[in-house]
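Note sheet for the following structure.
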Amino acid sequence: MNTNASLRFAKPFGAAALLVVAMLFGAPSHAADAPPIPDTLQQRIAACTTCHGVHGEGTPGSGYFPRLAGKPAAYLARQMQDFQNGLRKYAPMEYTVRQLSPAYMQEIAEYFAAQQVPYSRSPLPPVSAATLQRGEQLVSKGDPANKIPACASCHGSQLTGVQPSTPGLVGLPYDYLSAQLGSWRTHTRGTVAPDCMAVVANRLSDSDITAVAAALASRQPPADTHAQAAGSVTPPLACGVLGATGDGT
Amino acid sequence: MKWLLRLLLLIVLLIVVLLGWLFFGGSHRPTPPAMSKVTAATLQDPALIARGEYLATLGDCAGCHTAQGGARFAGGRSLATPFGNIPVPNITPDRETGLGDWSFEDFWQALHAGKGRHGELLYPAFSYTSYTKVTHDDALAMFAYLQSLPPVHQPAPALALNFPYSVRKSLTAWRALYFREGEYKPDPAQSPQWNRGAYLVQGLGHCNECHAARDSLGGTPGDLHLTGGQIPMQNWYAPDLSTQQNGGLQGWSAQDIVDLLKTGQSAKGVAFGPMADVVASSTQHMSDDDLQAVATYLQSLPPRTPLVEEPQLFNAKAIVQQGEKIYTQHCADCHGKDGSGIAGVYPPLNGNSSVTEPTGLNATRMVLLGGFAPVTAANPRPYSMPPFAQQLSDSEVSAVVSYMRRSWTNNASVVRPEDVSKYRHTPID
């Protein structure tokens, strides 16, 4: 009798003890309170998407982090390489990509290049109609007297970029655009020589930078925002990123 | 009393400097390669060169001797120290700007004795305090490898040290305090594996150069071997490396150590900051035998005395409560509500010495900077953590870091908002 009673007691107790042990050691303890972590590139690159958006949409609202979606993959990979090599200076980016392998950067670049998300407008500073007009002139015709080529002559007639290495300019925030043009002049943004954008940025006056950034940021993106086909433009300057050599002028 | 001690120390230093000046003031002539005891044929031995490449990787020579975006081993950058900037020399065999005219005897004198070709005392930013333990044979292999590199013409930047550190002879005093010249002497009471690990950790690995606190003269007193310390200028905390009671790696198995060094992460944590670079460019390439040896040696480091917790000067409870909300919102999905992380993907925060190290620096900077785990052959597409510098204010970062440091089994001091604001800049070099 005695034995039976203790057995009857022991069974449920043993089961409960087992359950406790299972809870402690069996299943991973996070399973109960967190969703599983997907094995996707998107999940792996949380360090990128927190600023640039899960689909590379950028932050049109706050105006700084640029859109990456749909930009040519070779351009995006080149930018990461330029940050690694200190040609582009922006400490958080330099830190984040500092030891990524070329293969991983290429994969990340292809991810963002393949994203298709709608464009949204970002806030514009108050600029005069004359400034916008000057900007529009620089974008589509350039300023031959000052040897400034039109943006469209390299970045495509619709400014959606050109494969494989020329980025689109539509949909970029004003703050980002003017900061980039400024940073080419202060040598905090550069790329492989000859750095044709550095040449262009140094030919722009301060007011031209405001004008061209405002004109680009206020443009309505075209219906088809894909980058133009490779070889569809003949750049007026020699650009290292397009395989040119020499001093770029 | 403190000022008196300082004064005495200063006087002693001055005397040592003067004596050094008097007795070691003479210059030294370099040994031309033609006069070297090592023949050119020896230096061209492919097997020796291959061994030297492995050793140069273990020592992570390229880590310092390469500028951002520059040619490997070609120097051309400055190392920032609290005493000023020290140029990093070109160690490719360029005759004019590199080691092209160096003999092995010159190289040995630099690595082993911390002296340049002309007998000048080298600044210990070049970690000869550790490299002096490297054997003659290993040094020869490394020299052969360096001499086999394509020469790169790249002059070093100018020395920019503050006075009195700019006076090289002042190093006589520094060396008297902190430098013991001598190759590694195996301990016969220990296994060959332990001795190999000790040799690598204390010598070429130069682990102690970061993983021990530096005093006001930039030296690491001998009794602080691998007990952890803040890395000057870089503002990261290199943790204590003992795996025993109160050690920075308490509870780490040999396999955990091997995993971290080989893949960049282990079940206990992920390498980040400067250690991520060390793993990516050096330790992931170590042979399995050498990794095991390092683990064996580190596991033999003694237990440590527990840290005495400083009294909290303000209401830690409120800050920790605020931190819990932020943690639940931003951190718990990946690191778990219980701070256990997700094996192989996201590191645990509970019991993680990078969270609980004495300063709070590492966790603060991780929250601010985020970033990828090291890219290694074993983990070529690592997961990453978002930077929160843009999203969280100083007080929010201090709250969430304080919460992590005081939750679960963690019991470290809170981090104040003013500490966070000090570390908002991003280190690149």
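Chain labels run A, B, ... following the order of the structure tokens; each chain numbers its residues from 1, and ligands are numbered from 1 in the order shown.
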
Check: which chain A residues lie within 7 Å of chain B using only C-alpha atoms, as an MDAnalysis selection string
chainID A and resid 30 33:35 44:47 50 84:86 91:92 94:96 99:101 104

I need the chosen residues saved as a PDB file, in the first residue's frame, with C-alpha atoms.
ATOM      1  CA  HIS A  30      13.386  32.958 -27.059  1.00  0.00           C
ATOM      2  CA  ASP A  33       8.495  35.653 -26.825  1.00  0.00           C
ATOM      3  CA  ALA A  34      10.019  36.494 -30.184  1.00  0.00           C
ATOM      4  CA  PRO A  35       9.284  35.641 -33.803  1.00  0.00           C
ATOM      5  CA  ARG A  44      21.101  40.008 -42.204  1.00  0.00           C
ATOM      6  CA  ILE A  45      21.475  43.605 -43.324  1.00  0.00           C
ATOM      7  CA  ALA A  46      19.471  45.267 -40.549  1.00  0.00           C
ATOM      8  CA  ALA A  47      22.446  47.608 -40.105  1.00  0.00           C
ATOM      9  CA  THR A  50      17.479  50.820 -40.382  1.00  0.00           C
ATOM     10  CA  GLN A  84      36.031  51.223 -47.178  1.00  0.00           C
ATOM     11  CA  ASN A  85      38.936  52.932 -48.863  1.00  0.00           C
ATOM     12  CA  GLY A  86      38.209  56.304 -47.315  1.00  0.00           C
ATOM     13  CA  ALA A  91      32.030  57.748 -40.383  1.00  0.00           C
ATOM     14  CA  PRO A  92      28.911  55.628 -39.758  1.00  0.00           C
ATOM     15  CA  GLU A  94      32.849  53.700 -43.133  1.00  0.00           C
ATOM     16  CA  TYR A  95      32.451  51.871 -39.840  1.00  0.00           C
ATOM     17  CA  THR A  96      29.571  49.700 -41.027  1.00  0.00           C
ATOM     18  CA  GLN A  99      35.383  44.776 -43.347  1.00  0.00           C
ATOM     19  CA  LEU A 100      32.655  43.468 -45.647  1.00  0.00           C
ATOM     20  CA  SER A 101      33.978  41.227 -48.423  1.00  0.00           C
ATOM     21  CA  TYR A 104      28.985  40.276 -49.657  1.00  0.00           C
TER      22      TYR A 104
END

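Neighbouring residues of Ile326 in chain B at 7 Å or closer, counting only C-alpha atoms and skipping chain neighbours under 4 positions away, are Gln322, His330 and Val400 of chain B.
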
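You can rank B:Ala399, B:Ser170, B:Lys115, B:Ala412 by their closest distance to Lys325 in chain B using only C-alpha atoms, and at the top of that list sits B:Ala399.
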
Cut-off 12 Å: closest range 59-91 of chain A/range 192-197 of chain A atom pairs per residue, using only C-alpha atoms, as JSON lines:
{"residue": "A:Arg78", "atom": "CA", "partner": "A:Val192", "partner_atom": "CA", "distance": 9.3}
{"residue": "A:Gln79", "atom": "CA", "partner": "A:Val192", "partner_atom": "CA", "distance": 10.5}
{"residue": "A:Gln81", "atom": "CA", "partner": "A:Val192", "partner_atom": "CA", "distance": 10.2}
{"residue": "A:Asp82", "atom": "CA", "partner": "A:Val192", "partner_atom": "CA", "distance": 8.1}
{"residue": "A:Phe83", "atom": "CA", "partner": "A:Val192", "partner_atom": "CA", "distance": 11.7}
{"residue": "A:Asn85", "atom": "CA", "partner": "A:Val192", "partner_atom": "CA", "distance": 10.2}
{"residue": "A:Gly86", "atom": "CA", "partner": "A:Val192", "partner_atom": "CA", "distance": 11.1}
{"residue": "A:Leu87", "atom": "CA", "partner": "A:Val192", "partner_atom": "CA", "distance": 8.0}
{"residue": "A:Arg88", "atom": "CA", "partner": "A:Val192", "partner_atom": "CA", "distance": 10.5}

Print the selection's residues with C-alpha atoms to a file, as a PDB file, in the first residue's frame.
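Listed below is the output, again-v1.pdb:
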ATOM      1  CA  ARG A  78      31.419  50.945 -55.723  1.00  0.00           C
ATOM      2  CA  GLN A  79      30.101  53.290 -53.048  1.00  0.00           C
ATOM      3  CA  GLN A  81      34.161  50.132 -51.651  1.00  0.00           C
ATOM      4  CA  ASP A  82      34.798  53.892 -51.671  1.00  0.00           C
ATOM      5  CA  PHE A  83      33.686  54.106 -48.036  1.00  0.00           C
ATOM      6  CA  ASN A  85      38.936  52.932 -48.863  1.00  0.00           C
ATOM      7  CA  GLY A  86      38.209  56.304 -47.315  1.00  0.00           C
ATOM      8  CA  LEU A  87      37.405  57.968 -50.644  1.00  0.00           C
ATOM      9  CA  ARG A  88      33.929  58.721 -49.343  1.00  0.00           C
TER      10      ARG A  88
END

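Taking CA of Lys89 in chain A and CA of Val162 in chain A as the two end points, the separation is 24.3 Å.
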
When you count only C-alpha atoms, which of these residues is closest to Gly231 in chain A: A:Pro36, A:Pro164, A:Gly135, A:Gly56?
A:Pro164
